[in-house]
file target-v7.tsv (TSV, C-alpha atoms)
chain	number	residue	atom	x	y	z
L	1	MET	CA	112.66	84.65	92.94
L	2	ALA	CA	109.76	83.63	90.75
L	3	ARG	CA	106.50	83.35	92.56
L	4	THR	CA	103.37	81.69	91.30
L	5	LEU	CA	100.28	83.81	90.74
L	6	MET	CA	98.67	82.20	93.76
L	7	GLN	CA	101.56	83.33	95.93
L	8	GLU	CA	101.23	86.89	94.63
L	9	PHE	CA	97.70	86.81	95.99
L	10	THR	CA	98.29	85.11	99.32
L	11	LYS	CA	101.39	87.09	100.32
L	12	GLY	CA	99.16	90.09	101.01
L	13	LEU	CA	97.06	88.12	103.46
L	14	TRP	CA	99.78	87.31	105.95
L	15	LYS	CA	103.39	87.62	104.87
L	16	GLU	CA	103.23	91.23	103.69
L	17	VAL	CA	99.96	92.34	105.25
L	18	PRO	CA	99.75	96.12	105.77
L	19	PRO	CA	99.81	97.89	108.19
L	20	PHE	CA	101.54	95.20	110.22
L	21	ARG	CA	104.28	93.64	108.10
L	22	LEU	CA	104.50	96.57	105.71
L	23	VAL	CA	104.25	99.56	108.00
L	24	LEU	CA	102.23	101.67	105.57
L	25	GLY	CA	98.77	103.18	105.67
L	26	ILE	CA	98.86	103.77	109.41
L	27	CYS	CA	96.98	107.07	109.38
L	28	ALA	CA	93.79	105.59	107.99
L	29	ALA	CA	94.16	102.48	110.15
L	30	LEU	CA	94.25	104.62	113.30
L	31	GLY	CA	91.72	107.19	112.19
L	32	VAL	CA	88.80	105.05	111.08
L	33	SER	CA	89.06	102.02	113.34
L	34	THR	CA	86.63	103.14	116.05
L	35	THR	CA	83.86	100.93	114.65
L	36	VAL	CA	84.05	97.75	112.58
L	37	ALA	CA	81.67	99.18	109.96
L	38	ASP	CA	83.95	102.17	109.36
L	39	GLY	CA	87.09	100.04	109.32
L	40	VAL	CA	85.70	97.56	106.79
L	41	GLY	CA	84.21	100.36	104.67
L	42	MET	CA	87.61	102.03	104.51
L	43	GLY	CA	89.25	98.69	103.69
L	44	ILE	CA	86.86	98.04	100.80
L	45	ALA	CA	87.31	101.55	99.40
L	46	THR	CA	91.09	101.18	99.57
L	47	THR	CA	90.94	97.72	97.96
L	48	PHE	CA	88.90	99.09	95.04
L	49	VAL	CA	91.38	101.89	94.40
L	50	LEU	CA	94.32	99.54	94.84
L	51	VAL	CA	93.04	96.93	92.38
L	52	CYS	CA	91.89	99.43	89.73
L	53	GLY	CA	95.03	101.52	90.11
L	54	ASN	CA	97.29	98.46	89.88
L	55	VAL	CA	95.54	97.17	86.75
L	56	LEU	CA	95.61	100.53	84.97
L	57	VAL	CA	99.24	101.21	85.87
L	58	SER	CA	100.15	97.74	84.65
L	59	LEU	CA	98.24	98.23	81.36
L	60	LEU	CA	99.94	101.58	80.76
L	61	ARG	CA	103.38	100.58	82.00
L	62	LYS	CA	104.89	100.62	78.46
L	63	ILE	CA	103.47	104.09	77.75
L	64	ILE	CA	104.25	105.93	81.02
L	65	PRO	CA	107.73	107.53	80.76
L	66	ALA	CA	109.97	106.60	83.67
L	67	ASP	CA	110.82	110.22	84.54
L	68	ILE	CA	107.29	111.31	85.35
L	69	ARG	CA	105.90	107.96	86.48
L	70	ILE	CA	105.13	109.10	90.04
L	71	ALA	CA	102.99	111.99	88.78
L	72	CYS	CA	101.16	109.59	86.44
L	73	PHE	CA	100.53	107.13	89.29
L	74	ILE	CA	99.14	109.93	91.45
L	75	VAL	CA	96.74	111.05	88.72
L	76	ILE	CA	95.53	107.48	88.14
L	77	ILE	CA	95.05	106.86	91.87
L	78	ALA	CA	93.37	110.24	92.43
L	79	THR	CA	90.91	109.47	89.62
L	80	PHE	CA	89.78	106.24	91.26
L	81	VAL	CA	89.63	107.92	94.67
L	82	THR	CA	87.31	110.56	93.21
L	83	ILE	CA	85.12	107.78	91.81
L	84	VAL	CA	84.96	106.12	95.25
L	85	GLU	CA	84.18	109.48	96.86
L	86	LEU	CA	81.26	110.16	94.50
L	87	VAL	CA	79.86	106.61	94.67
L	88	MET	CA	79.99	106.62	98.47
L	89	GLN	CA	78.31	110.01	98.64
L	90	ALA	CA	75.48	108.63	96.49
L	91	TYR	CA	74.97	105.16	97.95
L	92	ALA	CA	76.55	105.04	101.41
L	93	TYR	CA	76.11	108.56	102.78
L	94	PRO	CA	76.37	107.73	106.53
L	95	LEU	CA	79.63	105.90	105.87
L	96	PHE	CA	80.84	108.84	103.77
L	97	LEU	CA	80.15	111.19	106.69
L	98	SER	CA	81.86	109.07	109.32
L	99	LEU	CA	84.98	108.44	107.21
L	100	GLY	CA	85.15	112.15	106.40
L	101	VAL	CA	88.53	113.48	105.37
L	102	PHE	CA	90.03	109.99	105.19
L	103	ILE	CA	88.35	109.19	101.86
L	104	PRO	CA	90.17	111.85	99.80
L	105	LEU	CA	93.27	110.94	101.77
L	106	ILE	CA	93.32	107.47	100.20
L	107	VAL	CA	95.29	109.29	97.47
L	108	VAL	CA	98.26	109.71	99.76
L	109	ASN	CA	97.98	106.30	101.38
L	110	CYS	CA	101.52	105.03	100.87
L	111	ILE	CA	100.30	101.49	100.17
L	112	LEU	CA	98.82	102.51	96.82
L	113	LEU	CA	101.81	104.41	95.47
L	114	GLY	CA	104.08	101.75	96.93
L	115	ARG	CA	102.35	98.90	95.07
L	116	ALA	CA	102.16	100.87	91.82
L	117	GLU	CA	105.87	101.66	91.98
L	118	ALA	CA	107.19	98.37	93.35
L	119	PHE	CA	104.87	95.96	91.57
L	120	ALA	CA	102.38	97.10	88.94
L	121	TYR	CA	104.87	99.20	86.95
L	122	LYS	CA	107.02	96.11	86.39
L	123	ARG	CA	104.57	93.22	86.15
L	124	GLY	CA	101.73	91.92	84.01
L	125	VAL	CA	98.07	92.74	84.39
L	126	VAL	CA	96.96	89.46	86.01
L	127	ALA	CA	99.76	89.45	88.55
L	128	SER	CA	99.08	93.12	89.38
L	129	PHE	CA	95.38	92.43	89.81
L	130	LEU	CA	96.07	89.55	92.21
L	131	ASP	CA	98.68	91.57	94.09
L	132	GLY	CA	96.19	94.41	94.56
L	133	MET	CA	93.45	92.00	95.66
L	134	GLY	CA	95.72	90.24	98.14
L	135	ILE	CA	97.13	93.38	99.73
L	136	GLY	CA	93.67	95.01	99.72
L	137	ILE	CA	91.93	92.10	101.39
L	138	GLY	CA	94.79	91.77	103.88
L	139	TYR	CA	94.47	95.47	104.72
L	140	THR	CA	90.69	95.15	105.11
L	141	LEU	CA	91.06	92.17	107.47
L	142	ALA	CA	93.72	93.98	109.48
L	143	LEU	CA	91.48	97.04	109.80
L	144	ALA	CA	88.56	94.78	110.77
L	145	ALA	CA	90.65	93.09	113.48
L	146	LEU	CA	91.94	96.38	114.88
L	147	SER	CA	88.52	98.02	114.88
L	148	ALA	CA	86.84	94.92	116.35
L	149	ILE	CA	89.19	94.98	119.35
L	150	ARG	CA	88.72	98.72	119.83
L	151	GLU	CA	84.96	98.66	119.40
L	152	ILE	CA	84.16	95.58	121.50
L	153	ILE	CA	86.37	96.54	124.44
L	154	GLY	CA	85.85	100.27	124.06
L	155	SER	CA	82.07	100.33	123.80
L	156	GLY	CA	80.81	96.76	124.24
L	157	MET	CA	79.23	96.90	120.78
L	158	PHE	CA	79.96	95.27	117.44
L	159	SER	CA	78.67	97.04	114.34
L	160	VAL	CA	78.24	94.55	111.50
L	161	PRO	CA	79.42	96.15	108.24
L	162	PHE	CA	76.34	97.30	106.28
L	163	GLY	CA	74.19	95.82	109.06
L	164	PRO	CA	72.87	96.49	112.56
L	165	LYS	CA	74.84	97.25	115.73
L	166	LEU	CA	75.04	94.21	118.01
L	167	VAL	CA	75.53	94.33	121.77
L	168	VAL	CA	78.40	92.08	122.81
L	169	PHE	CA	78.79	93.15	126.42
L	170	ASP	CA	75.69	94.57	128.06
L	171	THR	CA	76.49	97.87	129.77
L	172	SER	CA	74.31	96.83	132.74
L	173	TRP	CA	77.33	94.91	134.04
L	174	TYR	CA	80.14	95.86	131.65
L	175	GLN	CA	81.99	99.14	132.11
L	176	PRO	CA	83.23	100.09	128.59
L	177	MET	CA	86.87	101.11	128.36
L	178	HIS	CA	86.36	104.39	126.52
L	179	PHE	CA	90.11	104.88	126.50
L	180	LEU	CA	90.45	102.53	123.53
L	181	LEU	CA	88.18	104.71	121.40
L	182	THR	CA	90.31	107.80	121.99
L	183	ALA	CA	93.44	108.74	120.05
L	184	PRO	CA	96.00	107.44	122.59
L	185	GLY	CA	94.09	104.15	122.76
L	186	ALA	CA	94.42	103.78	118.99
L	187	PHE	CA	98.20	104.12	119.11
L	188	LEU	CA	98.53	101.72	122.04
L	189	CYS	CA	96.22	99.15	120.50
L	190	LEU	CA	98.04	99.13	117.14
L	191	GLY	CA	101.42	98.98	118.90
L	192	LEU	CA	100.39	95.98	120.98
L	193	MET	CA	98.86	94.21	117.98
L	194	LEU	CA	102.14	94.67	116.12
L	195	ALA	CA	104.00	93.14	119.05
L	196	VAL	CA	101.67	90.12	118.99
L	197	MET	CA	102.21	89.77	115.22
L	198	ASN	CA	105.98	89.86	115.81
L	199	LEU	CA	105.64	86.94	118.21
L	200	ALA	CA	104.17	84.79	115.46
L	201	PRO	CA	106.69	83.30	113.02
L	202	SER	CA	106.87	85.28	109.78
L	203	LYS	CA	107.01	82.25	107.47
C	1	MET	CA	92.85	138.82	117.81
C	2	MET	CA	91.86	136.78	120.86
C	3	ASP	CA	89.87	134.47	118.61
C	4	TYR	CA	92.96	133.75	116.57
C	5	MET	CA	95.02	133.02	119.68
C	6	VAL	CA	92.50	130.45	120.85
C	7	PHE	CA	92.29	129.04	117.34
C	8	VAL	CA	96.06	128.61	117.10
C	9	VAL	CA	96.25	126.93	120.52
C	10	SER	CA	93.47	124.56	119.53
C	11	CYS	CA	95.22	123.62	116.26
C	12	VAL	CA	98.67	123.18	117.80
C	13	LEU	CA	97.80	121.42	121.05
C	14	VAL	CA	94.19	120.32	121.35
C	15	ASN	CA	93.53	119.06	117.83
C	16	ASN	CA	97.14	118.17	117.13
C	17	ILE	CA	97.34	116.93	113.57
C	18	LEU	CA	99.45	113.87	114.41
C	19	LEU	CA	98.17	112.82	117.78
C	20	ALA	CA	94.49	113.73	117.67
C	21	GLN	CA	93.64	113.58	113.96
C	22	PHE	CA	96.01	110.80	112.88
C	23	LEU	CA	97.32	112.59	109.81
C	24	GLY	CA	100.94	112.35	108.72
C	25	ASN	CA	101.80	109.26	110.70
C	26	CYS	CA	104.09	107.73	108.07
C	27	PRO	CA	106.75	110.48	108.31
C	28	PHE	CA	106.03	110.62	112.06
C	29	LEU	CA	107.28	107.05	112.45
C	30	GLY	CA	109.71	107.18	109.53
C	31	THR	CA	111.76	110.30	110.28
C	32	SER	CA	111.70	110.26	114.07
C	33	LYS	CA	114.66	107.95	114.70
C	34	ARG	CA	117.14	110.82	114.79
C	35	MET	CA	116.68	114.35	116.06
C	36	GLU	CA	118.36	115.88	112.99
C	37	THR	CA	115.96	114.31	110.50
C	38	ALA	CA	112.99	115.17	112.70
C	39	VAL	CA	113.95	118.85	112.79
C	40	GLY	CA	114.56	118.91	109.02
C	41	MET	CA	111.23	117.29	108.29
C	42	SER	CA	109.39	119.66	110.65
C	43	ILE	CA	110.81	122.77	109.01
C	44	ALA	CA	110.06	121.42	105.54
C	45	VAL	CA	106.45	120.65	106.53
C	46	VAL	CA	105.87	124.14	108.00
C	47	PHE	CA	107.28	125.71	104.85
C	48	VAL	CA	105.30	123.62	102.35
C	49	LEU	CA	102.06	123.43	104.32
C	50	VAL	CA	101.65	127.22	104.61
C	51	LEU	CA	102.27	127.59	100.87
C	52	ALA	CA	100.00	124.66	100.03
C	53	GLY	CA	97.22	125.95	102.28
C	54	GLY	CA	97.22	129.28	100.45
C	55	VAL	CA	97.60	127.88	96.94
C	56	THR	CA	94.88	125.21	97.28
C	57	TRP	CA	92.48	127.80	98.71
C	58	LEU	CA	93.12	130.08	95.72
C	59	THR	CA	92.82	127.13	93.32
C	60	LEU	CA	89.42	126.20	94.68
C	61	ARG	CA	88.14	129.76	94.77
C	62	TYR	CA	89.41	131.05	91.42
C	63	VAL	CA	89.74	127.92	89.26
C	64	LEU	CA	87.49	125.09	90.39
C	65	THR	CA	84.48	127.07	91.62
C	66	PRO	CA	84.06	129.31	88.53
C	67	LEU	CA	84.32	126.22	86.30
C	68	LYS	CA	81.88	124.32	88.57
C	69	ILE	CA	84.22	121.34	88.92
C	70	GLU	CA	84.60	121.32	92.71
C	71	TYR	CA	84.18	117.54	92.67
C	72	LEU	CA	87.63	117.27	91.06
C	73	ARG	CA	89.28	118.90	94.06
C	74	THR	CA	91.08	115.74	95.23
C	75	ILE	CA	92.86	115.41	91.88
C	76	ALA	CA	93.44	119.15	91.56
C	77	PHE	CA	94.83	119.51	95.09
C	78	ILE	CA	97.25	116.63	94.90
C	79	LEU	CA	98.56	117.88	91.55
C	80	VAL	CA	98.90	121.42	92.88
C	81	ILE	CA	100.76	120.14	95.94
C	82	ALA	CA	103.05	117.93	93.85
C	83	ALA	CA	103.80	120.81	91.48
C	84	LEU	CA	104.34	123.18	94.39
C	85	VAL	CA	106.80	120.83	96.08
C	86	GLN	CA	108.69	120.43	92.81
C	87	PHE	CA	108.75	124.20	92.33
C	88	VAL	CA	109.94	124.88	95.88
C	89	GLU	CA	112.68	122.31	95.39
C	90	MET	CA	113.91	123.95	92.17
C	91	PHE	CA	113.67	127.44	93.68
C	92	LEU	CA	115.66	126.51	96.76
C	93	LYS	CA	118.27	124.65	94.73
C	94	ARG	CA	118.94	127.70	92.57
C	95	ASN	CA	118.56	130.56	95.05
C	96	ILE	CA	119.16	129.32	98.58
C	97	PRO	CA	121.53	126.34	98.26
C	98	ALA	CA	122.24	126.28	101.99
C	99	LEU	CA	118.60	125.73	102.85
C	100	TYR	CA	118.27	123.22	100.02
C	101	ALA	CA	121.15	121.19	101.41
C	102	GLY	CA	119.28	120.93	104.70
C	103	LEU	CA	115.76	120.30	103.46
C	104	GLY	CA	116.34	118.79	100.01
C	105	ILE	CA	115.82	115.15	100.85
C	106	TYR	CA	112.63	115.78	102.82
C	107	LEU	CA	110.84	117.77	100.16
C	108	PRO	CA	109.88	114.91	97.79
C	109	LEU	CA	108.51	112.96	100.76
C	110	ILE	CA	106.07	115.75	101.54
C	111	THR	CA	103.94	115.17	98.45
C	112	THR	CA	102.72	111.93	99.99
C	113	ASN	CA	102.50	113.31	103.52
C	114	CYS	CA	98.81	113.08	104.25
C	115	ALA	CA	99.03	115.92	106.77
C	116	VAL	CA	99.55	118.37	103.89
C	117	LEU	CA	96.60	117.27	101.77
C	118	GLY	CA	94.58	116.64	104.92
C	119	VAL	CA	94.98	120.18	106.29
C	120	CYS	CA	94.16	121.68	102.87
C	121	ILE	CA	90.94	119.65	102.77
C	122	ILE	CA	90.07	120.50	106.39
C	123	ASN	CA	90.50	124.22	105.57
C	124	ILE	CA	88.04	123.88	102.70
C	125	ASP	CA	85.56	121.68	104.58
C	126	GLU	CA	85.48	124.10	107.51
C	127	ASN	CA	84.89	127.05	105.15
C	128	TYR	CA	87.84	129.06	106.42
C	129	GLY	CA	88.63	132.36	104.69
C	130	PHE	CA	92.01	132.97	103.05
C	131	VAL	CA	93.77	134.41	106.11
C	132	LYS	CA	92.29	131.85	108.46
C	133	SER	CA	93.41	129.07	106.08
C	134	LEU	CA	96.97	130.37	106.23
C	135	VAL	CA	96.82	130.63	110.03
C	136	SER	CA	95.39	127.15	110.42
C	137	SER	CA	97.98	125.68	108.00
C	138	PHE	CA	100.78	127.27	109.99
C	139	ALA	CA	99.32	126.21	113.34
C	140	TYR	CA	98.74	122.61	112.28
C	141	ALA	CA	102.24	122.43	110.82
C	142	ALA	CA	103.69	123.84	114.05
C	143	GLY	CA	101.79	121.16	115.96
C	144	PHE	CA	103.21	118.54	113.62
C	145	GLY	CA	106.73	119.82	114.26
C	146	LEU	CA	106.23	119.97	118.02
C	147	ALA	CA	104.94	116.41	118.25
C	148	LEU	CA	107.58	115.07	115.85
C	149	ILE	CA	110.49	116.68	117.72
C	150	LEU	CA	109.19	115.54	121.13
C	151	PHE	CA	108.76	112.04	119.75
C	152	ALA	CA	112.25	111.98	118.20
C	153	GLY	CA	113.73	112.94	121.56
C	154	LEU	CA	111.98	110.04	123.23
C	155	ARG	CA	112.96	107.61	120.48
C	156	GLU	CA	116.63	108.52	120.83
C	157	ARG	CA	116.31	107.56	124.50
C	158	ILE	CA	114.52	104.31	123.68
C	159	LEU	CA	117.48	103.26	121.50
C	160	LEU	CA	119.51	103.02	124.72
C	161	ALA	CA	116.88	101.01	126.58
C	162	ARG	CA	116.52	97.26	126.47
C	163	VAL	CA	113.20	96.65	124.77
C	164	PRO	CA	111.70	93.12	124.64
C	165	LYS	CA	112.18	91.64	121.17
C	166	PRO	CA	108.58	91.56	119.92
C	167	LEU	CA	108.09	95.20	120.95
C	168	GLN	CA	111.14	96.55	119.18
C	169	ASP	CA	111.15	99.34	116.59
C	170	VAL	CA	107.71	100.35	115.31
C	171	SER	CA	105.75	98.64	118.05
C	172	ILE	CA	107.39	100.50	120.93
C	173	GLY	CA	107.28	103.63	118.77
C	174	LEU	CA	103.50	103.41	118.51
C	175	ILE	CA	103.12	102.79	122.23
C	176	THR	CA	105.32	105.83	122.95
C	177	ALA	CA	103.21	107.89	120.54
C	178	GLY	CA	100.15	106.73	122.47
C	179	LEU	CA	101.64	108.01	125.72
C	180	ILE	CA	102.49	111.39	124.13
C	181	ALA	CA	98.95	111.55	122.78
C	182	LEU	CA	97.69	110.85	126.30
C	183	SER	CA	99.67	113.78	127.67
C	184	PHE	CA	98.36	116.02	124.88
C	185	GLY	CA	94.89	114.94	125.96
C	186	ALA	CA	95.41	117.07	129.04
C	187	PHE	CA	95.01	120.20	126.87
C	188	LYS	CA	91.45	119.17	125.99
C	189	GLY	CA	89.71	121.66	128.27
C	190	MET	CA	91.69	124.65	127.04
C	191	ALA	CA	90.01	125.58	123.77

call {"tool": "encode", "arguments": {"input": "target-v7.tsv", "output": "structure tokens"}}
result
Amino acid sequence: MARTLMQEFTKGLWKEVPPFRLVLGICAALGVSTTVADGVGMGIATTFVLVCGNVLVSLLRKIIPADIRIACFIVIIATFVTIVELVMQAYAYPLFLSLGVFIPLIVVNCILLGRAEAFAYKRGVVASFLDGMGIGIGYTLALAALSAIREIIGSGMFSVPFGPKLVVFDTSWYQPMHFLLTAPGAFLCLGLMLAVMNLAPSK
Amino acid sequence: MMDYMVFVVSCVLVNNILLAQFLGNCPFLGTSKRMETAVGMSIAVVFVLVLAGGVTWLTLRYVLTPLKIEYLRTIAFILVIAALVQFVEMFLKRNIPALYAGLGIYLPLITTNCAVLGVCIINIDENYGFVKSLVSSFAYAAGFGLALILFAGLRERILLARVPKPLQDVSIGLITAGLIALSFGAFKGMA
């Protein structure tokens, strides 16, 4: 089925949005979604690697031999992850500290390898760019939604990405549900969000 | 010796790699539908993770540090792990075909298992020595296996239950994982 370029972009926003429709990239989604700032930071880092990786794989798709393509994809992705790691360390150090081990782990985020293999290796540069953008932005929004629910209910705060922490519910009357910030809360919250997504029609 | 006991307990139960650190969740959800695949995956992870923990530690110490290119560790580690997995696969195929028949299909999946790369990076970040790196790799992998096998048992039961439509499959799986994580939370005071 031929899709227009616009559709390649928009499918990532709803129809194939990870980690809900495509159940990939769950580890990072659970691990960094305790505050909105962390979630969005992770989303942006992943989007950068996804777009750059997709474009480079697509440019080199005639050169990369099919037998060792996975190894080539991993090297390309790892290169961009290292760039993100160094840039973050230089310009966003607090974010770098709070994301911790999850930044190098973008390498093994299945979304990236999945898109390189299923899309960028077969399609043109423009389509691959839009596909990466769409999936990346969809992933960022999904992380933002998940972390907003966890942060607001779990601590009564809302940390604007790259901005100040806002108080949504004042703790003078609101008892924060710390449970949502813990590991079991993360699993439950993502599971329930998936159920709500399943209720909505997938068209 | 006592220190190591406490350390192992904390890696297996308290800081369980799947349920407390959120690493390796893709195979956790992907291979837990049947007990057989869960056991196969667990054994393969223990096997590869101990090797990978040792090899990445040696790579950092004797290759990257002398050359002063520690900042390339992400690329170096993932390549080392990928090569290691490939090597283990070839070795098993030639020398221990019986084991290969059991683990073969899980080995390629391990390259992209973030628990493997994650534990290697944790070992380095925490400045563990060589022996402690091996112990921590084994303990984390054992924790991975324990959680995966428990979870597979529960998921086999869930198949028989009538689950509301929107909650089916991954959704109920995540909620179950949350409940297991909650029970693992009870170990918090131990170490």

call {"tool": "interface_residues", "arguments": {"input": "target-v7.tsv", "of": "chain C", "to": "chain L", "cutoff": "6 Å", "atoms": "all atoms listed in the file", "output": "ChimeraX atom specification"}}
result
/C:20,22-23,25,75,112,114,166-167,171,174-175,178,181-182

call {"tool": "atom_distance", "arguments": {"input": "target-v7.tsv", "atom1": "atom CA of L:Asn54", "atom2": "atom CA of L:Tyr93"}}
result
26.8 Å

call {"tool": "residues_around", "arguments": {"input": "target-v7.tsv", "residues": "L:Leu60", "least_positions_apart": "2", "cutoff": "12 Å", "atoms": "all atoms listed in the file", "output": "list in words"}}
result
Gly53, Asn54, Val55, Leu56, Val57, Ser58, Lys62, Ile63, Ile64, Pro65, Ala66, Arg69, Cys72, Phe73, Ile76, Ala116, Ala120, Tyr121, Lys122, Arg123, Gly124 and Val125 of chain L

call {"tool": "residues_near_point", "arguments": {"input": "target-v7.tsv", "point": "(78.9, 101.3, 111.4)", "cutoff": "10 Å", "atoms": "only C-alpha atoms", "output": "PyMOL selection string"}}
result
chain L and resi 34-41+94-95+98+158-165

call {"tool": "closest_residue", "arguments": {"input": "target-v7.tsv", "among": "C:Leu103, C:Leu159, C:Leu29, C:Met41", "to": "C:Gly173", "atoms": "all atoms listed in the file"}}
result
C:Leu29

call {"tool": "residues_near_point", "arguments": {"input": "target-v7.tsv", "point": "(99.1, 115.7, 126.4)", "cutoff": "12 Å", "atoms": "all atoms listed in the file", "output": "mmCIF file with C-alpha atoms, in the frame of the given file"}}
result
data_model
loop_
_atom_site.group_PDB
_atom_site.id
_atom_site.type_symbol
_atom_site.label_atom_id
_atom_site.label_comp_id
_atom_site.auth_asym_id
_atom_site.auth_seq_id
_atom_site.Cartn_x
_atom_site.Cartn_y
_atom_site.Cartn_z
ATOM 1 C CA ALA L 183 93.440 108.740 120.050
ATOM 2 C CA PRO L 184 96.000 107.440 122.590
ATOM 3 C CA VAL C 12 98.670 123.180 117.800
ATOM 4 C CA LEU C 13 97.800 121.420 121.050
ATOM 5 C CA VAL C 14 94.190 120.320 121.350
ATOM 6 C CA ASN C 15 93.530 119.060 117.830
ATOM 7 C CA ASN C 16 97.140 118.170 117.130
ATOM 8 C CA LEU C 19 98.170 112.820 117.780
ATOM 9 C CA ALA C 20 94.490 113.730 117.670
ATOM 10 C CA LEU C 146 106.230 119.970 118.020
ATOM 11 C CA ALA C 147 104.940 116.410 118.250
ATOM 12 C CA LEU C 150 109.190 115.540 121.130
ATOM 13 C CA ALA C 177 103.210 107.890 120.540
ATOM 14 C CA GLY C 178 100.150 106.730 122.470
ATOM 15 C CA LEU C 179 101.640 108.010 125.720
ATOM 16 C CA ILE C 180 102.490 111.390 124.130
ATOM 17 C CA ALA C 181 98.950 111.550 122.780
ATOM 18 C CA LEU C 182 97.690 110.850 126.300
ATOM 19 C CA SER C 183 99.670 113.780 127.670
ATOM 20 C CA PHE C 184 98.360 116.020 124.880
ATOM 21 C CA GLY C 185 94.890 114.940 125.960
ATOM 22 C CA ALA C 186 95.410 117.070 129.040
ATOM 23 C CA PHE C 187 95.010 120.200 126.870
ATOM 24 C CA LYS C 188 91.450 119.170 125.990
ATOM 25 C CA GLY C 189 89.710 121.660 128.270
ATOM 26 C CA MET C 190 91.690 124.650 127.040
#

call {"tool": "residues_around", "arguments": {"input": "target-v7.tsv", "residues": "C:Lys93", "least_positions_apart": "4", "cutoff": "12 Å", "atoms": "only C-alpha atoms", "output": "ChimeraX atom specification"}}
result
/C:86-89,97-105,107

call {"tool": "atom_distance", "arguments": {"input": "target-v7.tsv", "atom1": "atom CA of C:Phe138", "atom2": "atom CA of C:Gly153"}}
result
22.5 Å

call {"tool": "axis_aligned_box", "arguments": {"input": "target-v7.tsv", "around": "stretch 144-156 of chain C", "padding_each_side": "5 Å", "output": "AutoDock Vina command-line options"}}
result
--center_x 109.9 --center_y 113.8 --center_z 118.4 --size_x 23.4 --size_y 22.4 --size_z 19.6

call {"tool": "closest_residue", "arguments": {"input": "target-v7.tsv", "among": "L:Ala90, L:Ala118, L:Ile153, L:Ile111", "to": "L:Gly138", "atoms": "only C-alpha atoms"}}
result
L:Ile111

call {"tool": "atom_distance", "arguments": {"input": "target-v7.tsv", "atom1": "atom CA of C:Arg34", "atom2": "atom CA of C:Leu84"}}
result
27.1 Å

call {"tool": "closest_residue", "arguments": {"input": "target-v7.tsv", "among": "L:Ile149, L:Val168, L:Met6, L:Leu141", "to": "L:Leu180", "atoms": "only C-alpha atoms"}}
result
L:Ile149

call {"tool": "residues_around", "arguments": {"input": "target-v7.tsv", "residues": "L:Met177", "least_positions_apart": "5", "cutoff": "9 Å", "atoms": "all atoms listed in the file", "output": "PyMOL selection string"}}
result
chain L and resi 153-156

call {"tool": "decode", "arguments": {"input": "target-v7.tsv", "residues": "stretch 8-28 of chain L", "atoms": "C-alpha atoms", "output": "short mmCIF file (atom, residue, chain, number, x, y, z; two decimals), in the first residue's frame"}}
result
data_model
loop_
_atom_site.label_atom_id
_atom_site.label_comp_id
_atom_site.auth_asym_id
_atom_site.auth_seq_id
_atom_site.Cartn_x
_atom_site.Cartn_y
_atom_site.Cartn_z
CA GLU L 8 4.50 8.47 6.82
CA PHE L 9 4.84 11.35 9.26
CA THR L 10 1.45 11.22 10.93
CA LYS L 11 1.30 7.44 11.43
CA GLY L 12 3.88 7.78 14.20
CA LEU L 13 1.69 10.22 16.10
CA TRP L 14 -1.26 7.94 16.68
CA LYS L 15 -1.62 4.83 14.53
CA GLU L 16 1.81 3.35 15.28
CA VAL L 17 2.82 5.39 18.31
CA PRO L 18 5.40 3.63 20.51
CA PRO L 19 5.29 2.37 23.23
CA PHE L 20 1.52 1.94 22.97
CA ARG L 21 0.69 0.65 19.50
CA LEU L 22 4.17 -0.66 18.82
CA VAL L 23 5.15 -2.24 22.10
CA LEU L 24 8.80 -1.22 21.89
CA GLY L 25 11.02 0.99 24.00
CA ILE L 26 9.26 0.10 27.23
CA CYS L 27 12.36 0.09 29.44
CA ALA L 28 13.13 3.75 28.89
#
